[in-house]
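The data block below is my_file39.txt; it holds compact mmCIF, C-alpha atoms.
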```
# COMPACT_ATOMS: atom_id res chain seq x y z
CA MET D 1 5.15 -29.79 16.95
CA SER D 2 4.25 -29.01 13.35
CA GLU D 3 6.75 -29.01 10.51
CA THR D 4 6.46 -25.26 10.18
CA LYS D 5 7.36 -24.67 13.83
CA LYS D 6 10.54 -26.79 13.49
CA ILE D 7 11.83 -24.59 10.71
CA PRO D 8 13.91 -21.53 11.72
CA LYS D 9 12.17 -18.25 10.99
CA LEU D 10 14.98 -15.78 10.57
CA ARG D 11 13.20 -14.22 7.59
CA TRP D 12 10.59 -13.00 10.08
CA LEU D 13 13.37 -11.39 12.15
CA TYR D 14 15.59 -9.95 9.40
CA PHE D 15 13.84 -9.76 6.04
CA LEU D 16 10.34 -8.72 7.13
CA PRO D 17 11.39 -5.96 9.58
CA VAL D 18 13.44 -4.29 6.84
CA LEU D 19 10.43 -4.33 4.53
CA PHE D 20 8.38 -2.95 7.42
CA LEU D 21 10.78 -0.03 7.92
CA MET D 22 10.89 0.69 4.18
CA CYS D 23 7.09 0.86 3.95
CA PHE D 24 6.78 2.74 7.24
CA PHE D 25 9.03 5.64 6.28
CA SER D 26 7.77 5.67 2.70
CA PHE D 27 4.24 6.20 4.02
CA VAL D 28 5.46 8.79 6.54
CA SER D 29 7.21 10.76 3.79
CA ASN D 30 4.10 10.63 1.62
CA SER D 31 1.77 11.57 4.49
CA LEU D 32 3.68 14.49 6.00
CA LEU D 33 1.84 16.89 3.71
CA SER D 34 -1.49 16.03 5.38
CA ILE D 35 -0.25 17.34 8.73
CA ALA D 36 1.82 20.20 7.22
CA LEU D 37 -1.22 21.71 5.46
CA PRO D 38 -3.15 22.57 8.63
CA GLY D 39 0.17 23.08 10.45
CA GLY D 40 0.94 26.35 8.68
CA MET D 41 1.97 25.37 5.15
CA MET D 42 -1.22 26.54 3.43
CA LYS D 43 -1.14 29.83 5.31
CA ASP D 44 2.59 30.42 4.82
CA LEU D 45 2.59 29.57 1.11
CA GLY D 46 -0.85 31.07 0.44
CA PHE D 47 -2.51 28.47 -1.76
CA ALA D 48 -6.10 27.23 -1.90
CA ALA D 49 -7.53 23.80 -1.09
CA SER D 50 -7.62 22.90 -4.80
CA VAL D 51 -3.83 23.47 -5.08
CA ALA D 52 -3.33 21.49 -1.87
CA GLY D 53 -5.40 18.72 -3.44
CA ILE D 54 -3.13 18.67 -6.49
CA ALA D 55 -0.06 18.55 -4.26
CA GLY D 56 -1.62 15.75 -2.23
CA GLY D 57 -2.50 13.68 -5.27
CA VAL D 58 0.28 14.41 -7.76
CA ALA D 59 2.56 11.94 -5.99
CA GLY D 60 0.17 9.32 -7.29
CA ILE D 61 0.79 10.47 -10.87
CA GLY D 62 4.54 10.30 -10.30
CA GLY D 63 4.12 6.89 -8.72
CA MET D 64 2.62 5.52 -11.93
CA ILE D 65 5.91 5.83 -13.80
CA LEU D 66 7.87 3.02 -12.10
CA GLN D 67 5.02 0.72 -11.06
CA ILE D 68 5.26 -1.71 -13.98
CA SER D 69 9.05 -1.68 -14.19
CA GLY D 70 9.27 -2.15 -10.40
CA GLY D 71 7.27 -5.37 -10.49
CA HIS D 72 9.23 -6.55 -13.53
CA ILE D 73 12.58 -5.81 -11.87
CA ALA D 74 11.52 -7.72 -8.74
CA GLN D 75 10.44 -10.67 -10.89
CA LYS D 76 13.91 -10.70 -12.47
CA GLY D 77 15.58 -10.68 -9.04
CA LYS D 78 17.16 -7.22 -9.27
CA LEU D 79 15.12 -5.25 -6.73
CA LYS D 80 17.71 -4.73 -3.98
CA LYS D 81 19.81 -2.06 -5.69
CA PHE D 82 16.84 -0.47 -7.42
CA LEU D 83 14.83 0.14 -4.24
CA GLY D 84 17.94 1.02 -2.26
CA PHE D 85 18.73 3.95 -4.55
CA SER D 86 15.02 4.82 -4.70
CA THR D 87 15.01 5.15 -0.92
CA ILE D 88 17.89 7.59 -1.02
CA CYS D 89 16.10 9.64 -3.68
CA TRP D 90 12.76 9.94 -1.86
CA SER D 91 14.54 10.74 1.41
CA VAL D 92 16.37 13.67 -0.22
CA ILE D 93 13.11 14.85 -1.85
CA THR D 94 11.41 14.75 1.55
CA ILE D 95 14.14 17.02 2.94
CA LEU D 96 13.78 19.40 0.00
CA GLN D 97 10.07 19.89 0.73
CA GLY D 98 11.16 21.85 3.80
CA PHE D 99 12.65 24.50 1.48
CA VAL D 100 9.65 25.18 -0.82
CA THR D 101 8.39 28.74 -1.10
CA ASP D 102 5.26 28.32 -3.22
CA GLY D 103 2.65 25.74 -4.18
CA TRP D 104 4.14 24.89 -7.56
CA GLN D 105 7.53 23.99 -6.11
CA LEU D 106 5.70 21.69 -3.72
CA ILE D 107 3.74 20.10 -6.58
CA VAL D 108 6.96 19.35 -8.49
CA LEU D 109 8.63 17.80 -5.46
CA ARG D 110 5.54 15.76 -4.65
CA PHE D 111 5.54 14.44 -8.21
CA LEU D 112 9.21 13.43 -7.91
CA LEU D 113 8.48 11.85 -4.53
CA GLY D 114 5.85 9.69 -6.18
CA VAL D 115 8.30 8.67 -8.93
CA ALA D 116 10.93 7.66 -6.37
CA GLU D 117 8.44 5.66 -4.28
CA GLY D 118 6.51 4.19 -7.20
CA ALA D 119 8.24 0.81 -7.33
CA ILE D 120 7.96 0.02 -3.62
CA VAL D 121 4.57 -1.70 -3.42
CA PRO D 122 4.67 -3.75 -6.67
CA GLY D 123 8.32 -4.59 -6.02
CA ILE D 124 7.81 -5.78 -2.45
CA MET D 125 4.57 -7.60 -3.24
CA THR D 126 6.33 -9.44 -6.08
CA LEU D 127 9.24 -10.22 -3.76
CA LEU D 128 7.19 -11.68 -0.89
CA PRO D 129 5.98 -14.84 -2.72
CA TYR D 130 9.63 -15.90 -3.07
CA TRP D 131 10.11 -15.74 0.70
CA PHE D 132 6.78 -16.76 2.23
CA PRO D 133 4.70 -19.79 1.15
CA GLU D 134 0.91 -19.84 1.24
CA LYS D 135 1.15 -22.70 3.76
CA ASP D 136 -0.45 -21.94 7.15
CA GLY D 137 -1.40 -18.48 5.88
CA GLU D 138 2.25 -17.31 5.99
CA ARG D 139 2.00 -15.11 2.92
CA SER D 140 -1.18 -13.40 4.07
CA ARG D 141 0.39 -12.71 7.47
CA ALA D 142 3.57 -11.36 5.88
CA ILE D 143 1.54 -9.06 3.63
CA ALA D 144 -0.44 -7.90 6.66
CA VAL D 145 2.78 -7.14 8.56
CA VAL D 146 4.14 -5.07 5.66
CA PHE D 147 0.93 -3.08 5.32
CA THR D 148 0.64 -2.69 9.09
CA ALA D 149 3.65 -0.43 8.61
CA SER D 150 1.50 2.05 6.72
CA GLY D 151 -1.19 1.81 9.40
CA ILE D 152 1.29 2.49 12.18
CA ALA D 153 2.86 5.25 10.10
CA ALA D 154 -0.56 6.81 9.62
CA THR D 155 -1.07 6.56 13.38
CA LEU D 156 2.23 8.17 14.27
CA THR D 157 2.64 10.70 11.46
CA GLY D 158 0.02 13.01 12.95
CA PRO D 159 1.37 13.05 16.53
CA ILE D 160 5.04 13.11 15.45
CA GLY D 161 4.45 15.69 12.74
CA GLY D 162 2.31 17.81 15.04
CA PHE D 163 4.97 17.64 17.75
CA LEU D 164 7.77 18.62 15.37
CA ILE D 165 5.73 21.51 13.95
CA ALA D 166 4.88 22.71 17.45
CA MET D 167 8.53 22.41 18.54
CA PHE D 168 10.06 23.87 15.37
CA ASN D 169 7.98 24.41 12.22
CA TRP D 170 6.65 22.44 9.25
CA GLN D 171 9.92 22.97 7.37
CA MET D 172 11.97 21.23 10.06
CA MET D 173 9.45 18.41 10.19
CA PHE D 174 10.25 17.52 6.57
CA MET D 175 14.00 17.82 7.11
CA ILE D 176 14.23 15.73 10.29
CA LEU D 177 12.12 12.84 9.00
CA GLY D 178 13.87 12.92 5.63
CA VAL D 179 17.25 12.41 7.31
CA ILE D 180 15.88 9.44 9.26
CA SER D 181 14.65 7.94 5.99
CA LEU D 182 18.19 8.13 4.60
CA ILE D 183 19.33 5.85 7.41
CA ILE D 184 16.73 3.28 6.35
CA GLY D 185 18.34 3.20 2.90
CA GLY D 186 21.61 2.13 4.50
CA ILE D 187 19.87 -0.64 6.47
CA TRP D 188 18.19 -1.86 3.27
CA PHE D 189 21.53 -2.28 1.48
CA ALA D 190 23.02 -4.11 4.50
CA VAL D 191 20.27 -6.69 5.07
CA MET D 192 18.12 -7.14 1.97
CA TYR D 193 18.43 -9.89 -0.66
CA ASP D 194 16.30 -10.63 -3.71
CA ARG D 195 16.00 -14.38 -3.13
CA PRO D 196 16.27 -16.62 -0.02
CA GLU D 197 19.14 -18.62 -1.48
CA GLN D 198 21.25 -15.42 -1.64
CA ALA D 199 20.76 -14.45 2.02
CA ARG D 200 23.90 -15.09 4.08
CA TRP D 201 22.01 -14.82 7.36
CA LEU D 202 19.47 -17.51 6.38
CA SER D 203 20.10 -21.12 7.42
CA LYS D 204 20.29 -23.91 4.84
CA GLU D 205 17.32 -25.59 6.47
CA GLU D 206 15.13 -22.51 6.15
CA LYS D 207 16.23 -21.92 2.55
CA GLU D 208 15.25 -25.48 1.62
CA TYR D 209 11.90 -25.18 3.39
CA ILE D 210 11.02 -21.97 1.57
CA THR D 211 12.01 -23.11 -1.91
CA THR D 212 10.58 -26.64 -1.73
CA THR D 213 7.28 -25.53 -0.16
CA ILE D 214 6.75 -22.78 -2.71
CA GLN D 215 7.64 -25.11 -5.59
CA LYS D 216 5.04 -27.64 -4.40
CA GLU D 217 2.41 -24.92 -4.10
CA GLN D 218 3.19 -23.56 -7.55
CA SER D 219 2.90 -26.98 -9.17
CA ALA D 220 -0.46 -27.58 -7.42
CA LEU D 221 -2.00 -24.35 -8.67
CA MET D 222 -4.07 -24.30 -11.84
CA LYS D 223 -2.82 -20.99 -13.12
CA ASP D 224 -2.79 -19.22 -16.42
CA GLY D 225 0.39 -20.11 -18.19
CA GLY D 226 0.67 -16.61 -19.61
CA ASN D 227 -0.91 -17.46 -22.95
CA ASN D 228 2.44 -18.91 -24.07
CA VAL D 229 4.33 -15.78 -23.04
CA SER D 230 7.91 -16.77 -22.37
CA GLY D 231 11.13 -15.03 -21.46
CA ASP D 232 11.40 -11.72 -19.63
CA LYS D 233 10.55 -9.21 -22.38
CA LEU D 234 8.26 -6.56 -20.96
CA LEU D 235 6.15 -5.61 -23.99
CA PRO D 236 4.82 -9.13 -24.84
CA ILE D 237 3.92 -9.68 -21.18
CA LEU D 238 2.23 -6.30 -20.95
CA GLY D 239 0.32 -6.96 -24.17
CA TYR D 240 -0.98 -10.25 -22.78
CA LEU D 241 -2.11 -8.63 -19.53
CA LEU D 242 -3.97 -5.89 -21.36
CA ARG D 243 -6.07 -8.63 -22.99
CA ASN D 244 -6.72 -10.43 -19.71
CA LYS D 245 -9.97 -9.70 -17.84
CA TYR D 246 -8.52 -10.65 -14.45
CA SER D 247 -5.68 -8.18 -14.94
CA TRP D 248 -8.27 -5.47 -15.63
CA ALA D 249 -10.31 -6.50 -12.59
CA LEU D 250 -7.27 -6.24 -10.31
CA SER D 251 -6.38 -2.86 -11.80
CA ILE D 252 -9.89 -1.48 -11.26
CA VAL D 253 -10.00 -2.75 -7.68
CA GLY D 254 -6.58 -1.21 -6.99
CA PHE D 255 -7.59 2.16 -8.44
CA CYS D 256 -10.86 2.32 -6.47
CA ALA D 257 -9.35 1.16 -3.18
CA VAL D 258 -6.42 3.60 -3.26
CA PHE D 259 -8.74 6.40 -4.43
CA GLY D 260 -10.62 6.00 -1.15
CA GLN D 261 -7.55 5.36 1.00
CA ILE D 262 -5.40 8.30 -0.04
CA GLY D 263 -8.38 10.63 -0.39
CA PHE D 264 -9.42 9.81 3.17
CA PHE D 265 -5.95 10.00 4.73
CA THR D 266 -4.95 13.22 2.94
CA TRP D 267 -7.97 15.22 4.08
CA MET D 268 -8.57 13.53 7.45
CA PRO D 269 -6.53 16.01 9.56
CA THR D 270 -8.14 18.98 7.80
CA ALA D 271 -11.61 17.48 8.38
CA ILE D 272 -10.82 16.90 12.04
CA GLN D 273 -9.62 20.47 12.45
CA SER D 274 -12.74 21.86 10.79
CA VAL D 275 -15.04 19.90 13.10
CA THR D 276 -13.10 20.15 16.37
CA HIS D 277 -11.39 23.56 15.87
CA ALA D 278 -8.42 22.03 17.70
CA GLY D 279 -4.80 23.17 17.58
CA ILE D 280 -2.27 21.35 15.43
CA ASN D 281 -0.96 19.20 18.30
CA ASN D 282 -4.45 17.93 19.13
CA VAL D 283 -5.29 17.48 15.45
CA GLY D 284 -2.22 15.26 15.15
CA LEU D 285 -3.27 13.20 18.16
CA LEU D 286 -6.89 12.86 16.99
CA SER D 287 -5.70 11.86 13.51
CA ALA D 288 -4.00 8.87 15.10
CA LEU D 289 -7.31 7.34 16.22
CA PRO D 290 -8.64 6.34 12.76
CA SER D 291 -5.16 5.07 11.93
CA ILE D 292 -5.16 2.85 15.03
CA ALA D 293 -8.53 1.53 13.88
CA ALA D 294 -6.93 0.80 10.48
CA ILE D 295 -4.25 -1.32 12.15
CA LEU D 296 -6.90 -3.27 14.06
CA GLY D 297 -8.91 -3.79 10.89
CA LEU D 298 -5.84 -5.03 9.02
CA ALA D 299 -5.04 -7.49 11.83
CA VAL D 300 -8.60 -8.83 11.92
CA TRP D 301 -8.86 -9.31 8.18
CA SER D 302 -5.41 -10.91 7.93
CA LYS D 303 -6.81 -13.61 10.23
CA LEU D 304 -10.08 -13.88 8.31
CA THR D 305 -8.52 -14.05 4.84
CA PRO D 306 -7.23 -17.67 5.09
CA LYS D 307 -10.61 -18.75 6.50
CA ILE D 308 -12.75 -17.17 3.80
CA LYS D 309 -12.77 -19.60 0.89
CA GLN D 310 -13.36 -16.92 -1.73
CA ARG D 311 -10.59 -14.37 -2.16
CA ARG D 312 -12.90 -12.11 -4.11
CA LEU D 313 -15.18 -11.96 -1.06
CA SER D 314 -12.36 -11.24 1.38
CA THR D 315 -11.32 -8.45 -1.01
CA GLY D 316 -14.72 -7.02 -1.96
CA ILE D 317 -16.52 -7.06 1.38
CA PRO D 318 -14.06 -4.69 3.12
CA LEU D 319 -14.34 -2.27 0.20
CA LEU D 320 -18.13 -2.29 0.51
CA LEU D 321 -18.00 -1.69 4.26
CA PHE D 322 -15.48 1.13 3.79
CA ALA D 323 -17.80 2.72 1.22
CA ILE D 324 -20.78 2.51 3.58
CA ALA D 325 -18.72 4.04 6.41
CA LEU D 326 -17.67 6.98 4.22
CA ALA D 327 -21.25 7.56 3.07
CA ILE D 328 -22.40 7.72 6.71
CA LEU D 329 -19.48 10.04 7.47
CA GLY D 330 -20.70 12.32 4.68
CA LEU D 331 -24.15 12.48 6.27
CA PHE D 332 -22.58 13.78 9.49
CA SER D 333 -19.97 16.05 7.86
CA ASN D 334 -21.71 19.18 9.17
CA SER D 335 -22.28 17.75 12.62
CA THR D 336 -21.33 19.82 15.66
CA ASN D 337 -20.82 16.63 17.65
CA ALA D 338 -17.05 16.27 17.33
CA ALA D 339 -16.92 13.03 19.36
CA LEU D 340 -19.43 11.33 17.06
CA TYR D 341 -17.51 12.47 13.99
CA ILE D 342 -14.25 11.04 15.33
CA VAL D 343 -15.99 7.72 16.12
CA LEU D 344 -17.35 7.53 12.57
CA MET D 345 -13.88 8.26 11.22
CA CYS D 346 -12.54 5.35 13.27
CA VAL D 347 -15.22 3.07 11.82
CA ALA D 348 -14.14 4.09 8.30
CA GLY D 349 -10.51 3.63 9.30
CA PHE D 350 -11.18 0.06 10.45
CA PHE D 351 -11.95 -0.99 6.86
CA ILE D 352 -9.47 1.20 4.98
CA GLN D 353 -6.74 -1.47 4.71
CA ALA D 354 -8.81 -4.59 5.35
CA PHE D 355 -8.84 -5.68 1.70
CA MET D 356 -5.03 -5.82 1.45
CA PRO D 357 -4.13 -9.27 2.89
CA SER D 358 -6.46 -10.90 0.39
CA PHE D 359 -5.98 -8.61 -2.60
CA HIS D 360 -2.19 -8.82 -2.70
CA THR D 361 -2.14 -12.64 -2.65
CA ILE D 362 -4.35 -12.91 -5.75
CA PRO D 363 -1.79 -12.25 -8.55
CA THR D 364 0.38 -15.14 -7.34
CA LEU D 365 -2.65 -17.45 -7.37
CA ILE D 366 -3.76 -16.39 -10.85
CA PHE D 367 -0.69 -15.65 -12.96
CA SER D 368 2.44 -17.57 -13.84
CA LYS D 369 5.84 -16.31 -12.69
CA GLU D 370 6.55 -14.96 -16.16
CA VAL D 371 3.79 -12.38 -15.89
CA GLU D 372 3.07 -11.95 -12.17
CA GLY D 373 5.52 -9.09 -11.52
CA VAL D 374 4.27 -7.05 -14.47
CA ALA D 375 0.66 -7.82 -13.43
CA ARG D 376 1.40 -6.35 -10.01
CA GLY D 377 3.05 -3.36 -11.64
CA LEU D 378 0.04 -2.76 -13.88
CA THR D 379 -2.23 -2.92 -10.85
CA GLY D 380 0.11 -0.55 -9.05
CA PHE D 381 -0.01 1.81 -12.02
CA THR D 382 -3.78 2.22 -11.80
CA SER D 383 -3.62 2.28 -8.00
CA ALA D 384 -1.16 5.16 -8.16
CA PHE D 385 -3.54 7.03 -10.43
CA GLY D 386 -6.22 6.45 -7.81
CA GLY D 387 -3.79 7.95 -5.30
CA PHE D 388 -3.81 11.12 -7.38
CA ALA D 389 -7.50 11.20 -8.23
CA GLY D 390 -8.72 10.67 -4.65
CA PRO D 391 -7.11 13.72 -2.98
CA TYR D 392 -7.50 15.87 -6.09
CA LEU D 393 -11.24 15.31 -6.59
CA ALA D 394 -11.83 15.50 -2.84
CA GLY D 395 -10.05 18.86 -2.80
CA ILE D 396 -12.24 20.13 -5.65
CA PHE D 397 -15.47 19.10 -3.89
CA ILE D 398 -14.28 20.64 -0.63
CA SER D 399 -13.43 23.91 -2.40
CA ILE D 400 -16.82 24.02 -4.14
CA SER D 401 -19.02 23.01 -1.23
CA GLY D 402 -16.96 24.25 1.71
CA SER D 403 -17.50 20.91 3.50
CA GLN D 404 -16.38 17.28 3.40
CA LYS D 405 -19.79 15.88 2.40
CA GLY D 406 -19.38 15.73 -1.38
CA ALA D 407 -15.86 14.32 -1.08
CA MET D 408 -17.06 11.50 1.16
CA TYR D 409 -19.89 10.57 -1.21
CA VAL D 410 -17.58 10.47 -4.24
CA MET D 411 -15.07 8.24 -2.43
CA ALA D 412 -17.90 5.95 -1.30
CA LEU D 413 -19.19 5.62 -4.87
CA ILE D 414 -15.76 4.78 -6.29
CA LEU D 415 -15.19 2.16 -3.57
CA PHE D 416 -18.53 0.57 -4.43
CA VAL D 417 -17.34 0.24 -8.04
CA GLY D 418 -14.20 -1.45 -6.74
CA MET D 419 -16.29 -3.94 -4.81
CA LEU D 420 -18.23 -4.80 -7.99
CA ALA D 421 -14.97 -5.26 -9.91
CA SER D 422 -13.75 -7.79 -7.35
CA PHE D 423 -16.51 -10.15 -8.46
CA ILE D 424 -14.93 -10.42 -11.91
CA LEU D 425 -12.09 -12.36 -10.26
CA PRO D 426 -12.21 -16.20 -10.34
CA LYS D 427 -14.44 -18.19 -8.02
CA ASN D 428 -12.94 -20.71 -5.60
CA LEU D 429 -9.75 -18.67 -5.27
CA GLY D 430 -8.63 -19.40 -1.72
CA LEU D 431 -6.34 -21.50 0.40
CA GLU D 432 -8.67 -24.49 0.54
CA ALA D 433 -9.57 -24.42 -3.14
CA GLN D 434 -6.27 -23.71 -4.88
CA GLY D 435 -6.58 -26.72 -7.11
CA GLU D 436 -10.18 -26.16 -8.18
CA ASN D 437 -10.80 -23.91 -11.15
CA ASN D 438 -8.57 -21.13 -9.89
CA HIS D 439 -8.22 -19.66 -13.31
CA LYS D 440 -9.44 -20.05 -16.83
CA ALA D 441 -7.81 -18.19 -19.66
CA ALA D 442 -9.48 -14.87 -20.16
```
When written as structure tokens, how does the structure in this file appear?
Amino acid sequence: MSETKKIPKLRWLYFLPVLFLMCFFSFVSNSLLSIALPGGMMKDLGFAASVAGIAGGVAGIGGMILQISGGHIAQKGKLKKFLGFSTICWSVITILQGFVTDGWQLIVLRFLLGVAEGAIVPGIMTLLPYWFPEKDGERSRAIAVVFTASGIAATLTGPIGGFLIAMFNWQMMFMILGVISLIIGGIWFAVMYDRPEQARWLSKEEKEYITTTIQKEQSALMKDGGNNVSGDKLLPILGYLLRNKYSWALSIVGFCAVFGQIGFFTWMPTAIQSVTHAGINNVGLLSALPSIAAILGLAVWSKLTPKIKQRRLSTGIPLLLFAIALAILGLFSNSTNAALYIVLMCVAGFFIQAFMPSFHTIPTLIFSKEVEGVARGLTGFTSAFGGFAGPYLAGIFISISGSQKGAMYVMALILFVGMLASFILPKNLGLEAQGENNHKAA
């Protein structure tokens, strides 16, 4: 029996499920608009696709505000209270969306929703390296589990949202799922800790395994020391990162990837309805198929990531394949063959999250602890902007052309740029080459 198997794994039973639930309901709250739009919201509130695009993407603008501070707070070990109160805020905002009476009220609430949720990804991704070593691919698997939550949420949001709209209306859909999210905030406060040594439910043996293994890995890595940045002052760290080419590369990749992700997910139900002419219940069910493909793709690439010796390849290749799939989808956007269109959407969905297990391990392998959290926040900042730009520009192209074709081509082009940016990252950045030229000062 290996050393790893002898160690208790309560963090996989307590810590990780709570992170899963947090990400799951965060994604559900952010995605409810995509099923509400064809479920009667656009008709009831009387706004055009361009306004819907703004509402879909403005959460990304709001999400930019707390990205950097979220990663910094997690690095300082103060994330528990911060994200706990954030959860309460975005749950209440989700409920309030059920009371909007025009498009501009919705846009304001969507912006505030993005602000409340903005610290989740950089915070959690900064937190995970304190709990899961790189050894045996633990960190990649943990990241995959967390992001599987968004895949499962994307799978279930359509059917659940469609069911609730059919049973009640789109207003009640927001209210019911917002109340459930409030419960998750209570669970977060009860179970979550910032560091393993603080967790009362974690055994001494597991605490020692986590801390000693991670310390050994950190000492073995040839990482940038932060250009002599010391302490926890935000501005000097941020200034250093803005001069670092790898920080820029990660930010560009994050922007391009999320541009394609959120653009695709926001308009997917509307595209399905336009091709199939199905009712809202069936649209919700069909929307689950590409999301199921996304979960499968995430699982496959979480297994491949530790085996591919170049993290920039395991990040860039999925982006390229996603871009190709969207370009092909654009070619068939006016097809009358609904079955073929759904299959192509599933192919695109397979690659939509595949870059994540690799991409989110890279900051820990490149940057020192002093700057890693802020680096993740900076990447999250540009990613959040991509979350706005994707749905917004897609909505504009759909309004102009009356079809999904132009939107698909634009998303494919941006994803291709993201793939190119991934090759700016260091060579030999992988589990089997951690000690070989991982990073040179930019």
When you look at region 234-237 of chain D with a cut-off of 12 Å (counting only C-alpha atoms), what residues show up, excluding the ones that are within fewer than 5 positions of it in the same chain? I need them as a PDB file with C-alpha atoms, keeping the file's coordinate frame.
```pdb
ATOM      1  CA  ILE D  68       5.260  -1.710 -13.980  1.00  0.00           C
ATOM      2  CA  SER D  69       9.050  -1.680 -14.190  1.00  0.00           C
ATOM      3  CA  GLY D  70       9.270  -2.150 -10.400  1.00  0.00           C
ATOM      4  CA  GLY D  71       7.270  -5.370 -10.490  1.00  0.00           C
ATOM      5  CA  HIS D  72       9.230  -6.550 -13.530  1.00  0.00           C
ATOM      6  CA  ILE D  73      12.580  -5.810 -11.870  1.00  0.00           C
ATOM      7  CA  GLN D  75      10.440 -10.670 -10.890  1.00  0.00           C
ATOM      8  CA  LYS D  76      13.910 -10.700 -12.470  1.00  0.00           C
ATOM      9  CA  GLY D 225       0.390 -20.110 -18.190  1.00  0.00           C
ATOM     10  CA  GLY D 226       0.670 -16.610 -19.610  1.00  0.00           C
ATOM     11  CA  ASN D 227      -0.910 -17.460 -22.950  1.00  0.00           C
ATOM     12  CA  ASN D 228       2.440 -18.910 -24.070  1.00  0.00           C
ATOM     13  CA  VAL D 229       4.330 -15.780 -23.040  1.00  0.00           C
ATOM     14  CA  LEU D 242      -3.970  -5.890 -21.360  1.00  0.00           C
ATOM     15  CA  ARG D 243      -6.070  -8.630 -22.990  1.00  0.00           C
ATOM     16  CA  ASN D 244      -6.720 -10.430 -19.710  1.00  0.00           C
ATOM     17  CA  SER D 247      -5.680  -8.180 -14.940  1.00  0.00           C
ATOM     18  CA  PHE D 367      -0.690 -15.650 -12.960  1.00  0.00           C
ATOM     19  CA  SER D 368       2.440 -17.570 -13.840  1.00  0.00           C
ATOM     20  CA  LYS D 369       5.840 -16.310 -12.690  1.00  0.00           C
ATOM     21  CA  GLU D 370       6.550 -14.960 -16.160  1.00  0.00           C
ATOM     22  CA  VAL D 371       3.790 -12.380 -15.890  1.00  0.00           C
ATOM     23  CA  GLU D 372       3.070 -11.950 -12.170  1.00  0.00           C
ATOM     24  CA  GLY D 373       5.520  -9.090 -11.520  1.00  0.00           C
ATOM     25  CA  VAL D 374       4.270  -7.050 -14.470  1.00  0.00           C
ATOM     26  CA  ALA D 375       0.660  -7.820 -13.430  1.00  0.00           C
ATOM     27  CA  ARG D 376       1.400  -6.350 -10.010  1.00  0.00           C
ATOM     28  CA  GLY D 377       3.050  -3.360 -11.640  1.00  0.00           C
ATOM     29  CA  LEU D 378       0.040  -2.760 -13.880  1.00  0.00           C
TER      30      LEU D 378
END
```
Sphere at (5.8, 0.0, -3.1), radius 9 Å, counting all atoms listed in the file: residues as an NGL selection string: :D and (22-23 or 26 or 67 or 70 or 117-125 or 380)
Skipping near chain neighbours, those fewer than 4 positions away, what residues fall within 6 Å of Val58 (chain D) using all atoms listed in the file, listed as a PyMOL selection string? chain D and resi 54+111+388
One-decimal distance in Å that lies between CA of Arg195 (chain D) and CA of Lys307 (chain D):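 Those two atoms sit 28.6 Å apart.
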As an exercise, work out the distance from CA of Ala59 (chain D) to CA of Arg110 (chain D) in Å and give it to one decimal place.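 Separation between CA of Ala59 (chain D) and CA of Arg110 (chain D): 5.0 Å.
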Of the residues D:Cys346, D:Leu331, D:Ala249, D:Ile180, which is the one nearest to Thr155 (chain D), using all atoms listed in the file?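 Under the stated criterion, the closest residue is D:Cys346.
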Please provide the set of residues having any atom within 6 Å of Phe355 (chain D), restricted to all atoms listed in the file, with same-chain residues fewer than 2 positions apart removed, written as a list in words.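 Surrounding residues, per the criterion: Thr315, Pro318, Gln353, Ser358 and Phe359 of chain D.
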Return the single residue from D:Leu128, D:Val115, D:Ala389, D:Ala55 that is closest to Met42 (chain D), with distances computed using all atoms listed in the file.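 Among the listed residues, the smallest separation from Met42 (chain D) belongs to D:Ala55.
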Just the residues within 12 Å of region 10-21 of chain D, please, counting only C-alpha atoms, with nothing from its chain fewer than 6 positions along; format it as a PyMOL selection string. chain D and resi 27-28+80+83-84+87+120-121+123-125+127-128+130-132+138-139+141-153+180-197+199-207+209-210
Need to verify the contact set: Asn282 (chain D), 9 Å, all atoms listed in the file, exclusion of same-chain residues closer than 6 positions in sequence. Can you return it as a list in words?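 Everything that qualifies: Pro159, Gly162 and Gln273 of chain D.
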CA of Gly39 (chain D) to CA of Ile398 (chain D), distance in Å rounded to a single decimal: 18.4 Å
Compare D:Trp248, D:Phe322, D:Phe259, D:Phe174 by their minimum atom-to-atom distance to Ser31 (chain D), counting only C-alpha atoms, and give me the closest one. D:Phe174
Sel. within 12 Å of pt (-10.9, 12.1, 6.1), counting all atoms listed in the file, output as a ChimeraX atom specification: /D:34,260-275,286-291,325-327,329-330,333,341-342,344-349,352,390-391,394-395,398,403-409,411-412
Return the single residue from D:Leu112, D:Val100, D:Leu106, D:Ile308 that is closest to Gly53 (chain D), with distances computed using all atoms listed in the file.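 Smallest distance to Gly53 (chain D) is found for D:Leu106.
Minimum distance to Cys256 (chain D) across D:Ile35, D:Ala294, D:Ile414, D:Ile176 (counting all atoms listed in the file) occurs at D:Ile414.
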